[in-house]
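*Asks:* This is protein-v6.cif, which holds mmCIF, N, CA and C atoms:
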```cif
data_protein
#
loop_
_atom_site.group_PDB
_atom_site.id
_atom_site.type_symbol
_atom_site.label_atom_id
_atom_site.label_comp_id
_atom_site.auth_asym_id
_atom_site.auth_seq_id
_atom_site.Cartn_x
_atom_site.Cartn_y
_atom_site.Cartn_z
ATOM 1 N N MET G 947 -0.141 4.432 -42.398
ATOM 2 C CA MET G 947 0.571 4.570 -41.134
ATOM 3 C C MET G 947 1.925 3.874 -41.270
ATOM 4 N N PRO G 948 3.005 4.614 -41.025
ATOM 5 C CA PRO G 948 4.331 4.014 -41.187
ATOM 6 C C PRO G 948 4.592 2.971 -40.101
ATOM 7 N N LYS G 949 5.387 2.000 -40.455
ATOM 8 C CA LYS G 949 5.753 0.942 -39.524
ATOM 9 C C LYS G 949 6.664 1.519 -38.443
ATOM 10 N N MET G 950 6.441 1.077 -37.205
ATOM 11 C CA MET G 950 7.262 1.569 -36.091
ATOM 12 C C MET G 950 8.641 0.924 -36.135
ATOM 13 N N SER G 951 9.630 1.714 -35.766
ATOM 14 C CA SER G 951 10.983 1.160 -35.679
ATOM 15 C C SER G 951 11.067 0.298 -34.410
ATOM 16 N N GLU G 952 12.093 -0.488 -34.323
ATOM 17 C CA GLU G 952 12.286 -1.333 -33.135
ATOM 18 C C GLU G 952 12.402 -0.470 -31.868
ATOM 19 N N ARG G 953 13.056 0.639 -31.986
ATOM 20 C CA ARG G 953 13.225 1.542 -30.851
ATOM 21 C C ARG G 953 11.874 2.115 -30.411
ATOM 22 N N GLU G 954 11.037 2.512 -31.373
ATOM 23 C CA GLU G 954 9.710 3.045 -31.057
ATOM 24 C C GLU G 954 8.818 1.962 -30.452
ATOM 25 N N LYS G 955 8.924 0.764 -31.030
ATOM 26 C CA LYS G 955 8.137 -0.358 -30.509
ATOM 27 C C LYS G 955 8.534 -0.661 -29.065
ATOM 28 N N LEU G 956 9.830 -0.666 -28.798
ATOM 29 C CA LEU G 956 10.310 -0.913 -27.444
ATOM 30 C C LEU G 956 9.832 0.171 -26.486
ATOM 31 N N ALA G 957 9.907 1.415 -26.894
ATOM 32 C CA ALA G 957 9.444 2.519 -26.046
ATOM 33 C C ALA G 957 7.952 2.389 -25.760
ATOM 34 N N ASP G 958 7.173 1.982 -26.755
ATOM 35 C CA ASP G 958 5.736 1.788 -26.580
ATOM 36 C C ASP G 958 5.463 0.649 -25.592
ATOM 37 N N LEU G 959 6.187 -0.448 -25.736
ATOM 38 C CA LEU G 959 6.003 -1.586 -24.823
ATOM 39 C C LEU G 959 6.386 -1.233 -23.388
ATOM 40 N N VAL G 960 7.456 -0.470 -23.230
ATOM 41 C CA VAL G 960 7.876 -0.043 -21.890
ATOM 42 C C VAL G 960 6.810 0.844 -21.261
ATOM 43 N N ALA G 961 6.249 1.736 -22.047
ATOM 44 C CA ALA G 961 5.189 2.616 -21.536
ATOM 45 C C ALA G 961 3.973 1.800 -21.126
ATOM 46 N N LYS G 962 3.602 0.801 -21.922
ATOM 47 C CA LYS G 962 2.467 -0.067 -21.577
ATOM 48 C C LYS G 962 2.756 -0.865 -20.307
ATOM 49 N N ARG G 963 3.985 -1.379 -20.190
ATOM 50 C CA ARG G 963 4.369 -2.133 -18.999
ATOM 51 C C ARG G 963 4.275 -1.265 -17.753
ATOM 52 N N ASP G 964 4.751 -0.045 -17.848
ATOM 53 C CA ASP G 964 4.700 0.871 -16.711
ATOM 54 C C ASP G 964 3.259 1.184 -16.316
ATOM 55 N N LYS G 965 2.402 1.362 -17.311
ATOM 56 C CA LYS G 965 0.989 1.636 -17.040
ATOM 57 C C LYS G 965 0.339 0.445 -16.341
ATOM 58 N N ILE G 966 0.617 -0.748 -16.831
ATOM 59 C CA ILE G 966 0.059 -1.957 -16.210
ATOM 60 C C ILE G 966 0.584 -2.115 -14.787
ATOM 61 N N ALA G 967 1.856 -1.843 -14.572
ATOM 62 C CA ALA G 967 2.433 -1.934 -13.226
ATOM 63 C C ALA G 967 1.728 -0.962 -12.278
ATOM 64 N N ASP G 968 1.441 0.234 -12.750
ATOM 65 C CA ASP G 968 0.714 1.208 -11.932
ATOM 66 C C ASP G 968 -0.700 0.721 -11.620
ATOM 67 N N GLU G 969 -1.361 0.121 -12.612
ATOM 68 C CA GLU G 969 -2.711 -0.395 -12.404
ATOM 69 C C GLU G 969 -2.709 -1.537 -11.390
ATOM 70 N N ILE G 970 -1.702 -2.409 -11.468
ATOM 71 C CA ILE G 970 -1.582 -3.510 -10.507
ATOM 72 C C ILE G 970 -1.386 -2.959 -9.098
ATOM 73 N N GLU G 971 -0.504 -1.989 -8.964
ATOM 74 C CA GLU G 971 -0.240 -1.388 -7.659
ATOM 75 C C GLU G 971 -1.495 -0.745 -7.079
ATOM 76 N N THR G 972 -2.260 -0.058 -7.909
ATOM 77 C CA THR G 972 -3.497 0.578 -7.462
ATOM 78 C C THR G 972 -4.511 -0.472 -7.014
ATOM 79 N N ALA G 973 -4.648 -1.546 -7.779
ATOM 80 C CA ALA G 973 -5.594 -2.610 -7.426
ATOM 81 C C ALA G 973 -5.183 -3.292 -6.122
ATOM 82 N N GLN G 974 -3.900 -3.557 -5.943
ATOM 83 C CA GLN G 974 -3.415 -4.165 -4.705
ATOM 84 C C GLN G 974 -3.696 -3.260 -3.515
ATOM 85 N N LYS G 975 -3.475 -1.979 -3.690
ATOM 86 C CA LYS G 975 -3.720 -1.027 -2.606
ATOM 87 C C LYS G 975 -5.191 -1.025 -2.213
ATOM 88 N N ARG G 976 -6.086 -1.048 -3.194
ATOM 89 C CA ARG G 976 -7.528 -1.056 -2.902
ATOM 90 C C ARG G 976 -7.936 -2.317 -2.143
ATOM 91 N N VAL G 977 -7.425 -3.466 -2.566
ATOM 92 C CA VAL G 977 -7.753 -4.719 -1.876
ATOM 93 C C VAL G 977 -7.229 -4.676 -0.444
ATOM 94 N N ARG G 978 -6.006 -4.227 -0.265
ATOM 95 C CA ARG G 978 -5.413 -4.162 1.075
ATOM 96 C C ARG G 978 -6.160 -3.184 1.966
ATOM 97 N N GLU G 979 -6.605 -2.063 1.403
ATOM 98 C CA GLU G 979 -7.387 -1.108 2.194
ATOM 99 C C GLU G 979 -8.714 -1.712 2.627
ATOM 100 N N ARG G 980 -9.344 -2.476 1.737
ATOM 101 C CA ARG G 980 -10.619 -3.116 2.081
ATOM 102 C C ARG G 980 -10.413 -4.144 3.187
ATOM 103 N N TYR G 981 -9.339 -4.921 3.099
ATOM 104 C CA TYR G 981 -9.057 -5.916 4.137
ATOM 105 C C TYR G 981 -8.661 -5.228 5.447
ATOM 106 N N ALA G 982 -7.965 -4.128 5.369
ATOM 107 C CA ALA G 982 -7.591 -3.393 6.579
ATOM 108 C C ALA G 982 -8.825 -2.894 7.313
ATOM 109 N N ALA G 983 -9.844 -2.500 6.573
ATOM 110 C CA ALA G 983 -11.090 -2.051 7.200
ATOM 111 C C ALA G 983 -11.751 -3.191 7.967
ATOM 112 N N ILE G 984 -11.607 -4.413 7.476
ATOM 113 C CA ILE G 984 -12.144 -5.572 8.189
ATOM 114 C C ILE G 984 -11.419 -5.742 9.521
ATOM 115 N N VAL G 985 -10.114 -5.606 9.500
ATOM 116 C CA VAL G 985 -9.324 -5.770 10.725
ATOM 117 C C VAL G 985 -9.677 -4.698 11.746
ATOM 118 N N VAL G 986 -9.920 -3.484 11.292
ATOM 119 C CA VAL G 986 -10.286 -2.389 12.199
ATOM 120 C C VAL G 986 -11.564 -2.729 12.960
ATOM 121 N N ALA G 987 -12.461 -3.459 12.336
ATOM 122 C CA ALA G 987 -13.739 -3.797 12.958
ATOM 123 C C ALA G 987 -13.654 -5.025 13.868
ATOM 124 N N MET G 988 -12.497 -5.671 13.948
ATOM 125 C CA MET G 988 -12.356 -6.889 14.754
ATOM 126 C C MET G 988 -11.631 -6.588 16.068
ATOM 127 N N PRO G 989 -11.934 -7.355 17.118
ATOM 128 C CA PRO G 989 -11.277 -7.132 18.412
ATOM 129 C C PRO G 989 -9.880 -7.770 18.461
ATOM 130 N N VAL G 990 -8.983 -7.317 17.605
ATOM 131 C CA VAL G 990 -7.657 -7.926 17.509
ATOM 132 C C VAL G 990 -6.806 -7.687 18.756
ATOM 133 N N GLU G 991 -7.201 -6.730 19.569
ATOM 134 C CA GLU G 991 -6.409 -6.444 20.775
ATOM 135 C C GLU G 991 -6.506 -7.571 21.795
ATOM 136 N N GLU G 992 -7.391 -8.528 21.555
ATOM 137 C CA GLU G 992 -7.528 -9.665 22.468
ATOM 138 C C GLU G 992 -6.372 -10.648 22.338
ATOM 139 N N ILE G 993 -5.589 -10.549 21.265
ATOM 140 C CA ILE G 993 -4.398 -11.388 21.119
ATOM 141 C C ILE G 993 -3.199 -10.475 20.922
ATOM 142 N N GLY G 994 -2.032 -11.019 21.135
ATOM 143 C CA GLY G 994 -0.817 -10.229 20.971
ATOM 144 C C GLY G 994 -0.478 -9.995 19.511
ATOM 145 N N GLU G 995 0.314 -8.984 19.275
ATOM 146 C CA GLU G 995 0.698 -8.660 17.897
ATOM 147 C C GLU G 995 1.460 -9.801 17.263
ATOM 148 N N ARG G 996 2.337 -10.446 18.012
ATOM 149 C CA ARG G 996 3.112 -11.568 17.469
ATOM 150 C C ARG G 996 2.188 -12.695 17.015
ATOM 151 N N GLU G 997 1.209 -13.034 17.858
ATOM 152 C CA GLU G 997 0.278 -14.100 17.503
ATOM 153 C C GLU G 997 -0.573 -13.711 16.295
ATOM 154 N N PHE G 998 -0.994 -12.453 16.252
ATOM 155 C CA PHE G 998 -1.794 -11.980 15.127
ATOM 156 C C PHE G 998 -1.009 -12.084 13.828
ATOM 157 N N ARG G 999 0.231 -11.612 13.843
ATOM 158 C CA ARG G 999 1.072 -11.675 12.646
ATOM 159 C C ARG G 999 1.319 -13.119 12.215
ATOM 160 N N GLU G 1000 1.602 -13.980 13.207
ATOM 161 C CA GLU G 1000 1.863 -15.379 12.888
ATOM 162 C C GLU G 1000 0.617 -16.054 12.314
ATOM 163 N N ALA G 1001 -0.536 -15.812 12.940
ATOM 164 C CA ALA G 1001 -1.782 -16.411 12.455
ATOM 165 C C ALA G 1001 -2.084 -15.937 11.038
ATOM 166 N N LEU G 1002 -1.953 -14.669 10.799
ATOM 167 C CA LEU G 1002 -2.227 -14.132 9.465
ATOM 168 C C LEU G 1002 -1.237 -14.680 8.441
ATOM 169 N N GLY G 1003 0.022 -14.762 8.827
ATOM 170 C CA GLY G 1003 1.039 -15.335 7.935
ATOM 171 C C GLY G 1003 0.742 -16.780 7.584
ATOM 172 N N LEU G 1004 0.310 -17.557 8.579
ATOM 173 C CA LEU G 1004 -0.025 -18.956 8.323
ATOM 174 C C LEU G 1004 -1.254 -19.087 7.436
ATOM 175 N N VAL G 1005 -2.241 -18.217 7.640
ATOM 176 C CA VAL G 1005 -3.432 -18.235 6.789
ATOM 177 C C VAL G 1005 -3.037 -17.961 5.338
ATOM 178 N N LEU G 1006 -2.180 -16.978 5.124
ATOM 179 C CA LEU G 1006 -1.750 -16.649 3.768
ATOM 180 C C LEU G 1006 -0.917 -17.772 3.164
ATOM 181 N N LYS G 1007 -0.083 -18.388 3.989
ATOM 182 C CA LYS G 1007 0.755 -19.490 3.512
ATOM 183 C C LYS G 1007 -0.092 -20.701 3.143
ATOM 184 N N LEU G 1008 -1.072 -21.020 3.966
ATOM 185 C CA LEU G 1008 -1.903 -22.195 3.757
ATOM 186 C C LEU G 1008 -2.930 -21.981 2.652
ATOM 187 N N GLY G 1009 -3.419 -20.779 2.552
ATOM 188 C CA GLY G 1009 -4.479 -20.486 1.578
ATOM 189 C C GLY G 1009 -5.796 -20.333 2.302
ATOM 190 N N GLY G 1010 -6.642 -19.472 1.794
ATOM 191 C CA GLY G 1010 -7.886 -19.105 2.468
ATOM 192 C C GLY G 1010 -8.794 -20.259 2.823
ATOM 193 N N ALA G 1011 -9.199 -21.053 1.839
ATOM 194 C CA ALA G 1011 -10.166 -22.122 2.082
ATOM 195 C C ALA G 1011 -9.595 -23.177 3.030
ATOM 196 N N ALA G 1012 -8.350 -23.571 2.829
ATOM 197 C CA ALA G 1012 -7.739 -24.583 3.687
ATOM 198 C C ALA G 1012 -7.590 -24.066 5.116
ATOM 199 N N ALA G 1013 -7.230 -22.796 5.261
ATOM 200 C CA ALA G 1013 -7.073 -22.216 6.591
ATOM 201 C C ALA G 1013 -8.406 -22.137 7.321
ATOM 202 N N VAL G 1014 -9.455 -21.741 6.621
ATOM 203 C CA VAL G 1014 -10.783 -21.667 7.241
ATOM 204 C C VAL G 1014 -11.217 -23.062 7.679
ATOM 205 N N GLY G 1015 -10.993 -24.058 6.833
ATOM 206 C CA GLY G 1015 -11.347 -25.429 7.191
ATOM 207 C C GLY G 1015 -10.596 -25.904 8.416
ATOM 208 N N ALA G 1016 -9.311 -25.613 8.478
ATOM 209 C CA ALA G 1016 -8.503 -26.023 9.633
ATOM 210 C C ALA G 1016 -8.959 -25.318 10.900
ATOM 211 N N LEU G 1017 -9.281 -24.045 10.803
ATOM 212 C CA LEU G 1017 -9.721 -23.299 11.979
ATOM 213 C C LEU G 1017 -11.093 -23.761 12.454
ATOM 214 N N LYS G 1018 -11.974 -24.087 11.538
ATOM 215 C CA LYS G 1018 -13.300 -24.582 11.934
ATOM 216 C C LYS G 1018 -13.193 -25.920 12.643
ATOM 217 N N ALA G 1019 -12.191 -26.724 12.275
ATOM 218 C CA ALA G 1019 -12.002 -28.032 12.892
ATOM 219 C C ALA G 1019 -11.304 -27.947 14.250
ATOM 220 N N ALA G 1020 -10.720 -26.793 14.549
ATOM 221 C CA ALA G 1020 -10.001 -26.629 15.819
ATOM 222 C C ALA G 1020 -10.977 -26.601 16.987
ATOM 223 N N PRO G 1021 -10.534 -27.080 18.143
ATOM 224 C CA PRO G 1021 -11.422 -27.036 19.306
ATOM 225 C C PRO G 1021 -11.680 -25.587 19.743
ATOM 226 N N PRO G 1022 -12.843 -25.327 20.328
ATOM 227 C CA PRO G 1022 -13.147 -23.960 20.765
ATOM 228 C C PRO G 1022 -12.225 -23.483 21.872
ATOM 229 N N LYS G 1023 -12.081 -22.192 21.963
ATOM 230 C CA LYS G 1023 -11.233 -21.563 22.995
ATOM 231 C C LYS G 1023 -11.859 -21.848 24.354
ATOM 232 N N SER G 1024 -11.012 -22.247 25.312
ATOM 233 C CA SER G 1024 -11.561 -22.533 26.653
ATOM 234 C C SER G 1024 -11.371 -21.391 27.606
#
```
Just give me the structure as structure tokens.
*Replies:*
Amino acid sequence: MPKMSEREKLADLVAKRDKIADEIETAQKRVRERYAAIVVAMPVEEIGEREFREALGLVLKLGGAAAVGALKAAPPKS
């Protein structure tokens, strides 16, 4: 098997990178669709869209485990 030229090697690497990028995008889409199905099953209409977006943003910023711990420690809704 002849050795690949630098140009061929680069073209091969670019093709692999593009394939991996597509696989990442597909995996992200599947995870987001699964999480979206969870939201569909929740009574999110009980809070405003602004509050929902802010709460979700803070959960993502803080991280899952830390956010769950903080929410469990919060006083119950009155």
*Asks:* Using atom C of Glu995 (chain G) and CA of Thr972 (chain G) as the two end points, give the distance in Å to one decimal.
*Replies:*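 Here the two named atoms are 27.3 Å from each other.
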*Asks:* Where in chain G does DSSP assign alpha helix (DSSP H), given as a PyMOL selection string?
*Replies:* chain G and resi 952-986+995-1008+1010-1019
*Asks:* Please measure the separation of atom N of Gln974 (chain G) and atom C of Val1005 (chain G), giving the value in Å to one decimal.
*Replies:*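 Interatomic distance here is 18.3 Å.
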*Asks:* Quick check, in Å to one decimal: how far apart do atom C of Pro1022 (chain G) and atom C of Val990 (chain G) lie?
*Replies:*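 These two atoms are separated by 17.0 Å.
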